[in-house]
file run_31.txt (compact mmCIF, C-alpha atoms)
# COMPACT_ATOMS: atom_id res chain seq x y z
CA MET A 1 -0.54 -2.82 8.49
CA VAL A 2 1.17 -5.82 10.07
CA GLY A 3 0.64 -4.61 13.65
CA PRO A 4 -3.16 -4.98 13.61
CA LEU A 5 -2.76 -8.41 12.00
CA ILE A 6 -0.43 -9.61 14.75
CA ILE A 7 -2.88 -8.25 17.33
CA LYS A 8 -5.72 -10.20 15.70
CA PHE A 9 -4.00 -13.48 14.76
CA GLY A 10 -0.64 -13.58 16.57
CA THR A 11 0.33 -15.58 19.64
CA ASP A 12 0.93 -13.86 22.96
CA ALA A 13 4.68 -14.30 22.41
CA GLN A 14 4.48 -12.70 18.96
CA LYS A 15 2.51 -9.75 20.31
CA ALA A 16 4.93 -9.24 23.20
CA TYR A 17 7.97 -9.35 20.92
CA TRP A 18 6.93 -7.64 17.68
CA LEU A 19 4.45 -4.93 18.67
CA PRO A 20 6.81 -2.86 20.88
CA ARG A 21 9.47 -3.04 18.15
CA ILE A 22 6.95 -1.78 15.58
CA LEU A 23 5.87 1.11 17.80
CA SER A 24 9.46 2.13 18.53
CA CYS A 25 10.39 1.82 14.80
CA GLU A 26 13.21 -0.52 15.79
CA ASP A 27 11.84 -2.80 13.09
CA ILE A 28 10.86 -1.33 9.72
CA TRP A 29 8.54 -3.52 7.66
CA CYS A 30 7.80 -3.97 3.98
CA GLN A 31 5.02 -5.99 2.39
CA GLY A 32 5.80 -9.13 0.38
CA TYR A 33 2.61 -9.72 -1.57
CA SER A 34 2.91 -8.95 -5.29
CA GLU A 35 4.95 -11.16 -7.59
CA PRO A 36 5.55 -11.29 -11.33
CA GLY A 37 2.27 -12.81 -12.52
CA ALA A 38 0.61 -12.39 -9.12
CA GLY A 39 -0.32 -8.76 -8.66
CA SER A 40 -4.02 -8.08 -8.95
CA ASP A 41 -4.63 -11.85 -8.79
CA LEU A 42 -2.63 -12.39 -5.63
CA ALA A 43 -3.67 -16.03 -5.23
CA ASN A 44 -1.38 -16.91 -8.16
CA LEU A 45 1.70 -16.36 -6.00
CA ARG A 46 4.51 -18.90 -6.43
CA THR A 47 7.06 -18.01 -3.74
CA ASN A 48 7.26 -21.15 -1.63
CA ALA A 49 8.30 -22.00 1.89
CA VAL A 50 9.28 -25.54 2.91
CA ILE A 51 9.65 -26.60 6.54
CA ASP A 52 13.14 -27.79 7.41
CA GLY A 53 13.38 -28.65 11.10
CA ASP A 54 12.25 -25.59 13.02
CA GLU A 55 12.63 -23.20 10.07
CA PHE A 56 10.93 -22.30 6.82
CA VAL A 57 13.19 -22.26 3.75
CA ILE A 58 11.94 -19.69 1.25
CA ASN A 59 12.50 -19.48 -2.50
CA GLY A 60 10.90 -17.08 -4.97
CA GLN A 61 10.51 -13.43 -5.86
CA LYS A 62 8.42 -10.44 -4.79
CA ILE A 63 8.08 -7.24 -6.80
CA TRP A 64 6.90 -3.63 -6.32
CA THR A 65 7.95 -4.02 -2.68
CA THR A 66 7.82 -0.45 -1.41
CA MET A 67 10.93 0.67 0.52
CA ALA A 68 12.31 -2.86 0.83
CA HIS A 69 15.85 -1.45 0.67
CA ASP A 70 15.18 0.51 3.88
CA SER A 71 13.37 -2.31 5.72
CA THR A 72 14.63 -4.67 8.39
CA HIS A 73 11.78 -7.20 7.97
CA ILE A 74 9.19 -8.29 5.45
CA PHE A 75 5.78 -9.83 6.09
CA MET A 76 5.02 -12.31 3.34
CA LEU A 77 2.49 -14.56 1.75
CA VAL A 78 4.12 -17.82 0.70
CA ARG A 79 2.85 -21.08 -0.71
CA THR A 80 3.29 -23.85 1.82
CA ASP A 81 1.05 -26.49 0.20
CA PRO A 82 1.47 -26.53 -3.58
CA LYS A 83 -0.97 -29.46 -3.85
CA ALA A 84 -3.93 -27.62 -2.30
CA PRO A 85 -7.07 -28.02 -4.48
CA LYS A 86 -7.73 -24.26 -4.73
CA LYS A 87 -5.09 -21.60 -5.30
CA GLN A 88 -6.35 -19.57 -2.29
CA GLN A 89 -5.58 -22.57 -0.10
CA GLY A 90 -2.12 -23.69 0.92
CA ILE A 91 -0.86 -20.12 1.50
CA SER A 92 0.74 -19.02 4.78
CA PHE A 93 1.63 -15.66 6.34
CA ILE A 94 5.16 -15.42 7.74
CA LEU A 95 7.55 -12.77 9.11
CA VAL A 96 11.08 -12.73 7.68
CA PRO A 97 14.24 -10.77 8.57
CA MET A 98 15.86 -9.06 5.57
CA ASP A 99 19.49 -9.04 6.78
CA GLN A 100 20.34 -12.66 6.06
CA PRO A 101 21.95 -14.76 3.33
CA GLY A 102 19.53 -15.60 0.54
CA VAL A 103 17.67 -12.26 0.52
CA GLU A 104 18.60 -9.88 -2.30
CA VAL A 105 16.96 -6.49 -2.86
CA ARG A 106 17.15 -4.64 -6.19
CA THR A 107 15.66 -1.19 -6.55
CA ILE A 108 13.41 -0.22 -9.46
CA THR A 109 13.83 3.32 -10.81
CA THR A 110 10.50 4.98 -11.57
CA LEU A 111 9.73 7.50 -14.34
CA ALA A 112 10.27 10.24 -11.78
CA GLY A 113 13.78 8.95 -11.07
CA GLU A 114 12.89 7.63 -7.61
CA THR A 115 13.70 4.20 -6.18
CA GLU A 116 10.96 3.48 -3.68
CA PHE A 117 9.92 0.23 -5.40
CA CYS A 118 12.05 -2.91 -5.23
CA GLU A 119 12.35 -6.50 -6.34
CA VAL A 120 13.15 -8.95 -3.55
CA PHE A 121 14.66 -12.35 -4.34
CA PHE A 122 14.70 -15.29 -1.92
CA ASP A 123 17.24 -18.08 -2.44
CA ASP A 124 17.02 -20.57 0.44
CA ALA A 125 16.29 -17.73 2.87
CA ARG A 126 15.21 -18.87 6.30
CA THR A 127 12.86 -17.79 9.06
CA PRO A 128 11.92 -19.62 12.29
CA CYS A 129 8.63 -21.52 12.24
CA GLU A 130 7.62 -19.42 15.24
CA ASN A 131 7.37 -16.50 12.78
CA LEU A 132 4.29 -18.09 11.20
CA VAL A 133 1.31 -15.86 12.01
CA GLY A 134 -1.97 -17.75 12.32
CA GLU A 135 -2.41 -21.30 11.09
CA LEU A 136 -0.30 -23.06 8.50
CA ASN A 137 -1.95 -22.94 5.04
CA LYS A 138 -4.59 -20.46 6.29
CA GLY A 139 -2.83 -17.29 5.19
CA TRP A 140 -5.50 -16.24 2.71
CA THR A 141 -7.84 -15.36 5.59
CA MET A 142 -5.17 -13.08 7.03
CA ALA A 143 -4.37 -11.62 3.61
CA LYS A 144 -7.96 -10.48 3.24
CA SER A 145 -8.04 -9.12 6.77
CA LEU A 146 -4.85 -7.14 6.18
CA LEU A 147 -6.34 -5.59 3.04
CA SER A 148 -8.87 -3.76 5.21
CA PHE A 149 -6.03 -2.20 7.18
CA GLU A 150 -4.17 -1.51 3.93
CA ARG A 151 -7.17 0.36 2.55
CA VAL A 152 -7.21 2.53 5.66
CA PHE A 153 -3.47 3.11 5.20
CA ILE A 154 -3.69 3.83 1.45
CA GLY A 155 -6.98 5.67 1.93
CA ALA A 156 -5.52 8.14 4.43
CA PRO A 157 -5.93 11.78 3.35
CA ASN A 158 -2.18 12.50 3.43
CA LEU A 159 -1.58 11.95 -0.29
CA ALA A 160 -4.30 14.34 -1.36
CA GLN A 161 -3.56 16.86 1.39
CA ASN A 162 0.10 17.01 0.44
CA ALA A 163 -0.76 17.38 -3.25
CA ILE A 164 -3.30 20.16 -2.67
CA GLY A 165 -0.67 21.97 -0.62
CA GLN A 166 1.85 21.67 -3.45
CA LEU A 167 -0.74 22.85 -5.96
CA GLU A 168 -1.59 25.88 -3.84
CA THR A 169 2.08 26.74 -3.35
CA TYR A 170 2.79 26.55 -7.06
CA ALA A 171 -0.39 28.35 -8.10
CA ARG A 172 0.17 31.27 -5.72
CA GLY A 173 3.77 31.64 -6.80
CA ALA A 174 2.83 31.49 -10.47
CA GLY A 175 -0.13 33.88 -10.14
CA ARG A 176 -2.74 31.28 -11.14
CA PHE A 177 -5.25 32.49 -8.54
CA ASP A 178 -5.84 35.55 -10.74
CA ASP A 179 -7.72 33.19 -13.08
CA PRO A 180 -11.36 32.65 -11.91
CA VAL A 181 -11.61 29.37 -13.83
CA PHE A 182 -8.56 28.00 -12.01
CA CYS A 183 -9.96 29.23 -8.67
CA ASP A 184 -13.21 27.37 -9.32
CA ARG A 185 -11.42 24.12 -10.14
CA PHE A 186 -9.08 24.51 -7.18
CA ALA A 187 -12.04 25.00 -4.84
CA GLU A 188 -13.66 21.84 -6.20
CA VAL A 189 -10.66 19.57 -5.51
CA ALA A 190 -9.96 21.29 -2.18
CA LEU A 191 -13.50 20.48 -1.05
CA ASP A 192 -13.03 16.88 -2.20
CA VAL A 193 -9.95 16.67 0.04
CA GLU A 194 -11.88 18.05 3.03
CA ASP A 195 -14.83 15.71 2.45
CA HIS A 196 -12.49 12.73 2.21
CA ALA A 197 -10.75 13.71 5.47
CA ALA A 198 -14.13 13.74 7.22
CA LEU A 199 -14.96 10.29 5.87
CA TYR A 200 -11.55 8.98 6.91
CA ALA A 201 -12.08 10.26 10.46
CA ARG A 202 -15.23 8.12 10.68
CA PHE A 203 -13.34 4.92 9.84
CA ALA A 204 -10.46 5.90 12.14
CA ASP A 205 -12.94 6.27 15.00
CA GLN A 206 -14.24 2.76 14.28
CA LEU A 207 -10.72 1.37 14.63
CA LYS A 208 -10.12 3.32 17.84
CA ARG A 209 -13.28 1.77 19.31
CA GLY A 210 -12.01 -1.68 18.32
CA GLU A 211 -14.83 -2.21 15.83
CA PRO A 212 -14.27 -4.27 12.67
CA LEU A 213 -14.20 -2.43 9.37
CA GLY A 214 -16.83 -3.26 6.78
CA ALA A 215 -16.57 -3.47 3.01
CA ASP A 216 -17.47 0.22 2.80
CA VAL A 217 -13.83 1.02 3.72
CA SER A 218 -13.16 0.61 -0.01
CA MET A 219 -14.65 4.10 -0.44
CA LEU A 220 -11.53 5.57 1.13
CA LYS A 221 -9.15 4.12 -1.42
CA ILE A 222 -11.30 5.14 -4.37
CA TRP A 223 -11.88 8.67 -3.15
CA VAL A 224 -8.36 9.62 -2.12
CA THR A 225 -6.58 8.14 -5.15
CA GLU A 226 -8.94 9.66 -7.70
CA THR A 227 -8.83 13.01 -5.91
CA PHE A 228 -5.03 12.80 -5.87
CA GLN A 229 -5.04 12.24 -9.61
CA LYS A 230 -7.39 15.17 -10.24
CA ILE A 231 -5.16 17.47 -8.20
CA THR A 232 -2.03 16.46 -10.10
CA GLU A 233 -3.79 16.86 -13.44
CA LEU A 234 -4.69 20.41 -12.43
CA MET A 235 -1.05 20.95 -11.38
CA ILE A 236 0.14 19.94 -14.85
CA GLU A 237 -2.36 22.29 -16.48
CA ALA A 238 -1.43 25.14 -14.14
CA ALA A 239 2.25 24.69 -15.03
CA GLY A 240 1.52 25.01 -18.75
CA PRO A 241 4.53 24.20 -20.98
CA ASP A 242 6.69 23.75 -17.85
CA GLY A 243 4.47 20.87 -16.72
CA GLY A 244 6.56 18.41 -18.72
CA THR A 245 9.78 19.38 -16.95
CA LEU A 246 11.25 16.78 -14.61
CA GLY A 247 12.54 18.33 -11.42
CA PRO A 248 11.31 21.13 -9.16
CA LEU A 249 9.79 24.22 -10.76
CA GLN A 250 10.86 27.32 -8.88
CA VAL A 251 8.15 29.71 -7.70
CA GLY A 252 9.73 32.33 -5.51
CA ASN A 253 11.95 30.59 -2.98
CA VAL A 254 10.09 27.28 -3.25
CA GLY A 255 10.49 24.40 -5.70
CA VAL A 256 7.49 22.22 -6.62
CA ASP A 257 8.15 19.00 -8.54
CA VAL A 258 4.97 19.02 -10.59
CA LEU A 259 5.78 16.18 -12.98
CA ALA A 260 7.07 13.80 -10.31
CA THR A 261 3.87 14.33 -8.30
CA PHE A 262 1.80 13.66 -11.43
CA TYR A 263 3.74 10.42 -12.07
CA LYS A 264 3.30 9.34 -8.45
CA ALA A 265 -0.47 9.68 -8.74
CA ARG A 266 -0.81 7.42 -11.80
CA PRO A 267 -0.47 3.98 -10.18
CA THR A 268 -2.42 4.78 -7.01
CA THR A 269 -5.74 3.67 -8.53
CA ILE A 270 -4.14 0.30 -9.36
CA TYR A 271 -2.11 -0.81 -6.35
CA GLY A 272 -3.75 -2.12 -3.19
CA GLY A 273 -6.58 -3.56 -5.29
CA SER A 274 -7.57 -1.57 -8.37
CA ASN A 275 -10.41 0.93 -8.04
CA GLU A 276 -12.49 -1.22 -10.40
CA ILE A 277 -12.17 -4.06 -7.87
CA GLN A 278 -13.06 -1.67 -5.04
CA ARG A 279 -16.23 -0.62 -6.88
CA ASN A 280 -17.18 -4.28 -7.38
CA ILE A 281 -16.74 -4.85 -3.63
CA LEU A 282 -18.99 -1.87 -2.84
CA SER A 283 -21.65 -2.92 -5.35
CA LYS A 284 -21.86 -6.48 -4.02
CA ALA A 285 -21.07 -6.22 -0.31
CA VAL A 286 -22.53 -2.78 0.47
CA LEU A 287 -25.26 -2.15 -2.09
CA GLY A 288 -26.24 -5.81 -2.50
CA LEU A 289 -26.21 -5.66 -6.29
CA PRO A 290 -25.87 -8.91 -8.27
CA GLY A 291 -22.36 -9.85 -9.42
call {"tool": "encode", "arguments": {"input": "run_31.txt", "output": "structure tokens"}}
result
Amino acid sequence: MVGPLIIKFGTDAQKAYWLPRILSCEDIWCQGYSEPGAGSDLANLRTNAVIDGDEFVINGQKIWTTMAHDSTHIFMLVRTDPKAPKKQQGISFILVPMDQPGVEVRTITTLAGETEFCEVFFDDARTPCENLVGELNKGWTMAKSLLSFERVFIGAPNLAQNAIGQLETYARGAGRFDDPVFCDRFAEVALDVEDHAALYARFADQLKRGEPLGADVSMLKIWVTETFQKITELMIEAAGPDGGTLGPLQVGNVGVDVLATFYKARPTTIYGGSNEIQRNILSKAVLGLPG
């Protein structure tokens, strides 16, 4: 997500330095957007950055930061002008190394027992002013631009494709395809996955041609997350009484963690801009309906 933003808003020096390191995976990035009290309403963020010489000094907290404990860098929205008249103003977009004094990462254990989400605390952490992307106090423009790339990332078919594969593996091992009702429901969600993949390919082609993405990209996020949830609901039903068991369910020589996959699907319609917000975007910006 940060690569396209650097391409669009970064300096030549930033592009030359950061982009090769992103492509080679030498640098692994996490996203510092959400905060306690600033999730869906991101403009309420309070993490601040004050210029001290040729560095920003950062204080505050980010939360739900995916894979922060495995990341070398974080791209962040920070408040650089607390006196700005509107909360969307006075925000800047900066790049920060994680391996420095003043940055503390704490993992959050999910219901499924996983630790992909983290809290990140900043206590006088520093980053060079040259790591500011775009203009000072103009980060909200970049935040909105990045959301388009995020919706392509979140809206990729991988989640649903992986889940339908797990469902098929479990169902075949458990003999569920002997049930015509199950077969009918499986065919329905499988077709949804295929239709979504075709839609995704259209948006991917736009990006490859260097064309800007429109508001209709919100369809991707809605479709894949709701399809993902439908697949995992069918997995739970197919597992019957075993569906409430945490840990892999053995079918032949394969284990399928039905409950963990179900848990993983629950928040997908919320993060990255809730699906209700995505539908509002489509109704206003695509269909031209009144707000």
call {"tool": "atom_distance", "arguments": {"input": "run_31.txt", "atom1": "CA of Phe93 (chain A)", "atom2": "CA of Arg21 (chain A)"}}
result
19.0 Å
call {"tool": "closest_residue", "arguments": {"input": "run_31.txt", "among": "A:Thr232, A:Thr11, A:Thr127, A:Ser148", "to": "Phe203 (chain A)", "atoms": "all atoms listed in the file"}}
result
A:Ser148
call {"tool": "closest_residue", "arguments": {"input": "run_31.txt", "among": "A:Gly273, A:Pro4, A:Gly247, A:Pro97", "to": "Asp41 (chain A)", "atoms": "all atoms listed in the file"}}
result
A:Gly273
call {"tool": "closest_residue", "arguments": {"input": "run_31.txt", "among": "A:Thr269, A:Thr47, A:Ser218, A:Asn253", "to": "Ile91 (chain A)", "atoms": "all atoms listed in the file"}}
result
A:Thr47
call {"tool": "closest_residue", "arguments": {"input": "run_31.txt", "among": "A:Val78, A:Ala204, A:Ile164, A:Val120", "to": "Val256 (chain A)", "atoms": "all atoms listed in the file"}}
result
A:Ile164
call {"tool": "closest_residue", "arguments": {"input": "run_31.txt", "among": "A:Gly210, A:Gly255, A:Lys264, A:Met219", "to": "Ile277 (chain A)", "atoms": "all atoms listed in the file"}}
result
A:Met219
call {"tool": "atom_distance", "arguments": {"input": "run_31.txt", "atom1": "CA of Val258 (chain A)", "atom2": "CA of Asp192 (chain A)"}}
result
20.0 Å
call {"tool": "closest_residue", "arguments": {"input": "run_31.txt", "among": "A:Ile236, A:Leu246, A:Ile108, A:Val133", "to": "Ala13 (chain A)", "atoms": "all atoms listed in the file"}}
result
A:Val133
call {"tool": "residues_around", "arguments": {"input": "run_31.txt", "residues": "region 53-64 of chain A", "least_positions_apart": "5", "cutoff": "10 Å", "atoms": "all atoms listed in the file", "output": "PyMOL selection string"}}
result
chain A and resi 31-39+45-48+76-80+94+96+102-108+116-132+271
call {"tool": "atom_distance", "arguments": {"input": "run_31.txt", "atom1": "CA of Gly252 (chain A)", "atom2": "CA of Gly240 (chain A)"}}
result
17.2 Å
call {"tool": "residues_around", "arguments": {"input": "run_31.txt", "residues": "Glu150 (chain A)", "least_positions_apart": "5", "cutoff": "8 Å", "atoms": "all atoms listed in the file", "output": "list in words"}}
result
Met1, Gly155 and Gly272 of chain A
call {"tool": "residues_near_point", "arguments": {"input": "run_31.txt", "point": "(7.9, 28.9, -12.6)", "cutoff": "9 Å", "atoms": "all atoms listed in the file", "output": "JSON, numbers by chain"}}
result
{"A": [170, 173, 174, 239, 242, 249, 250, 251, 252, 255, 256]}
call {"tool": "decode", "arguments": {"input": "run_31.txt", "residues": "region 68-170 of chain A", "atoms": "C-alpha atoms", "output": "PDB file, in the first residue's frame"}}
result
ATOM      1  CA  ALA A  68       3.803  -4.737  13.664  1.00  0.00           C
ATOM      2  CA  HIS A  69       5.962  -7.198  15.623  1.00  0.00           C
ATOM      3  CA  ASP A  70       7.372  -8.530  12.338  1.00  0.00           C
ATOM      4  CA  SER A  71       7.830  -5.129  10.663  1.00  0.00           C
ATOM      5  CA  THR A  72      10.946  -3.038  10.216  1.00  0.00           C
ATOM      6  CA  HIS A  73       9.071   0.209   9.422  1.00  0.00           C
ATOM      7  CA  ILE A  74       5.688   1.819   9.898  1.00  0.00           C
ATOM      8  CA  PHE A  75       3.975   4.406   7.713  1.00  0.00           C
ATOM      9  CA  MET A  76       1.963   6.726   9.920  1.00  0.00           C
ATOM     10  CA  LEU A  77      -0.543   9.500  10.088  1.00  0.00           C
ATOM     11  CA  VAL A  78       0.434  11.964  12.803  1.00  0.00           C
ATOM     12  CA  ARG A  79      -0.899  15.309  13.938  1.00  0.00           C
ATOM     13  CA  THR A  80       1.617  18.027  13.177  1.00  0.00           C
ATOM     14  CA  ASP A  81      -0.640  21.072  13.677  1.00  0.00           C
ATOM     15  CA  PRO A  82      -2.942  20.625  16.672  1.00  0.00           C
ATOM     16  CA  LYS A  83      -4.359  24.132  16.148  1.00  0.00           C
ATOM     17  CA  ALA A  84      -5.691  23.471  12.634  1.00  0.00           C
ATOM     18  CA  PRO A  85      -9.334  24.631  12.322  1.00  0.00           C
ATOM     19  CA  LYS A  86     -10.598  21.266  11.019  1.00  0.00           C
ATOM     20  CA  LYS A  87      -9.571  17.862  12.351  1.00  0.00           C
ATOM     21  CA  GLN A  88      -8.730  16.626   8.812  1.00  0.00           C
ATOM     22  CA  GLN A  89      -6.184  19.433   8.573  1.00  0.00           C
ATOM     23  CA  GLY A  90      -2.845  19.493  10.355  1.00  0.00           C
ATOM     24  CA  ILE A  91      -2.153  15.783   9.720  1.00  0.00           C
ATOM     25  CA  SER A  92       1.048  14.544   8.063  1.00  0.00           C
ATOM     26  CA  PHE A  93       2.196  11.234   6.555  1.00  0.00           C
ATOM     27  CA  ILE A  94       5.609  10.031   7.717  1.00  0.00           C
ATOM     28  CA  LEU A  95       7.798   6.906   7.500  1.00  0.00           C
ATOM     29  CA  VAL A  96       9.296   5.626  10.751  1.00  0.00           C
ATOM     30  CA  PRO A  97      11.818   2.857  11.561  1.00  0.00           C
ATOM     31  CA  MET A  98      10.607   0.454  14.262  1.00  0.00           C
ATOM     32  CA  ASP A  99      13.994  -0.595  15.691  1.00  0.00           C
ATOM     33  CA  GLN A 100      14.713   2.488  17.774  1.00  0.00           C
ATOM     34  CA  PRO A 101      14.315   3.705  21.349  1.00  0.00           C
ATOM     35  CA  GLY A 102      10.828   4.997  22.059  1.00  0.00           C
ATOM     36  CA  VAL A 103       8.949   2.425  19.951  1.00  0.00           C
ATOM     37  CA  GLU A 104       7.259  -0.384  21.897  1.00  0.00           C
ATOM     38  CA  VAL A 105       5.154  -3.117  20.296  1.00  0.00           C
ATOM     39  CA  ARG A 106       2.686  -5.235  22.288  1.00  0.00           C
ATOM     40  CA  THR A 107       0.814  -8.064  20.621  1.00  0.00           C
ATOM     41  CA  ILE A 108      -2.941  -8.547  21.017  1.00  0.00           C
ATOM     42  CA  THR A 109      -4.165 -12.149  21.251  1.00  0.00           C
ATOM     43  CA  THR A 110      -7.315 -12.740  19.213  1.00  0.00           C
ATOM     44  CA  LEU A 111     -10.184 -15.132  20.000  1.00  0.00           C
ATOM     45  CA  ALA A 112      -8.504 -17.654  17.729  1.00  0.00           C
ATOM     46  CA  GLY A 113      -5.316 -17.467  19.810  1.00  0.00           C
ATOM     47  CA  GLU A 114      -3.341 -15.618  17.131  1.00  0.00           C
ATOM     48  CA  THR A 115      -1.215 -12.500  17.592  1.00  0.00           C
ATOM     49  CA  GLU A 116      -1.303 -10.722  14.256  1.00  0.00           C
ATOM     50  CA  PHE A 117      -2.687  -7.483  15.759  1.00  0.00           C
ATOM     51  CA  CYS A 118      -0.545  -5.176  17.871  1.00  0.00           C
ATOM     52  CA  GLU A 119      -0.491  -1.986  19.882  1.00  0.00           C
ATOM     53  CA  VAL A 120       2.403   0.342  19.078  1.00  0.00           C
ATOM     54  CA  PHE A 121       3.492   3.002  21.563  1.00  0.00           C
ATOM     55  CA  PHE A 122       5.674   5.992  20.685  1.00  0.00           C
ATOM     56  CA  ASP A 123       7.568   7.777  23.455  1.00  0.00           C
ATOM     57  CA  ASP A 124       9.817  10.473  21.952  1.00  0.00           C
ATOM     58  CA  ALA A 125      10.504   8.244  18.934  1.00  0.00           C
ATOM     59  CA  ARG A 126      12.292   9.990  16.106  1.00  0.00           C
ATOM     60  CA  THR A 127      12.352   9.972  12.329  1.00  0.00           C
ATOM     61  CA  PRO A 128      14.207  12.297   9.922  1.00  0.00           C
ATOM     62  CA  CYS A 129      12.171  15.128   8.415  1.00  0.00           C
ATOM     63  CA  GLU A 130      13.179  13.739   5.017  1.00  0.00           C
ATOM     64  CA  ASN A 131      10.812  10.828   5.803  1.00  0.00           C
ATOM     65  CA  LEU A 132       7.814  13.153   5.437  1.00  0.00           C
ATOM     66  CA  VAL A 133       5.905  12.068   2.332  1.00  0.00           C
ATOM     67  CA  GLY A 134       4.115  14.913   0.563  1.00  0.00           C
ATOM     68  CA  GLU A 135       3.545  18.285   2.170  1.00  0.00           C
ATOM     69  CA  LEU A 136       3.551  19.043   5.877  1.00  0.00           C
ATOM     70  CA  ASN A 137      -0.016  19.116   7.280  1.00  0.00           C
ATOM     71  CA  LYS A 138      -1.438  17.731   4.011  1.00  0.00           C
ATOM     72  CA  GLY A 139      -1.476  14.074   5.017  1.00  0.00           C
ATOM     73  CA  TRP A 140      -5.245  13.688   4.803  1.00  0.00           C
ATOM     74  CA  THR A 141      -5.066  13.872   1.007  1.00  0.00           C
ATOM     75  CA  MET A 142      -2.568  11.008   1.010  1.00  0.00           C
ATOM     76  CA  ALA A 143      -4.592   9.055   3.568  1.00  0.00           C
ATOM     77  CA  LYS A 144      -7.579   9.076   1.239  1.00  0.00           C
ATOM     78  CA  SER A 145      -5.428   8.151  -1.742  1.00  0.00           C
ATOM     79  CA  LEU A 146      -3.915   5.224   0.143  1.00  0.00           C
ATOM     80  CA  LEU A 147      -7.383   3.928   1.024  1.00  0.00           C
ATOM     81  CA  SER A 148      -7.988   3.203  -2.664  1.00  0.00           C
ATOM     82  CA  PHE A 149      -4.882   1.025  -2.725  1.00  0.00           C
ATOM     83  CA  GLU A 150      -5.922  -0.522   0.600  1.00  0.00           C
ATOM     84  CA  ARG A 151      -9.300  -1.471  -0.842  1.00  0.00           C
ATOM     85  CA  VAL A 152      -7.553  -3.220  -3.714  1.00  0.00           C
ATOM     86  CA  PHE A 153      -5.325  -4.986  -1.175  1.00  0.00           C
ATOM     87  CA  ILE A 154      -8.178  -5.951   1.175  1.00  0.00           C
ATOM     88  CA  GLY A 155     -10.474  -6.605  -1.776  1.00  0.00           C
ATOM     89  CA  ALA A 156      -8.136  -9.168  -3.351  1.00  0.00           C
ATOM     90  CA  PRO A 157      -9.777 -12.576  -3.859  1.00  0.00           C
ATOM     91  CA  ASN A 158      -7.195 -14.426  -1.750  1.00  0.00           C
ATOM     92  CA  LEU A 159      -9.239 -14.452   1.468  1.00  0.00           C
ATOM     93  CA  ALA A 160     -12.299 -15.953  -0.165  1.00  0.00           C
ATOM     94  CA  GLN A 161     -10.305 -18.309  -2.394  1.00  0.00           C
ATOM     95  CA  ASN A 162      -8.398 -19.687   0.568  1.00  0.00           C
ATOM     96  CA  ALA A 163     -11.604 -20.116   2.573  1.00  0.00           C
ATOM     97  CA  ILE A 164     -13.461 -21.886  -0.237  1.00  0.00           C
ATOM     98  CA  GLY A 165     -10.494 -24.232  -0.560  1.00  0.00           C
ATOM     99  CA  GLN A 166     -10.612 -25.006   3.163  1.00  0.00           C
ATOM    100  CA  LEU A 167     -14.365 -25.545   2.987  1.00  0.00           C
ATOM    101  CA  GLU A 168     -14.017 -27.932   0.063  1.00  0.00           C
ATOM    102  CA  THR A 169     -11.229 -29.860   1.799  1.00  0.00           C
ATOM    103  CA  TYR A 170     -13.252 -30.252   4.973  1.00  0.00           C
TER     104      TYR A 170
END
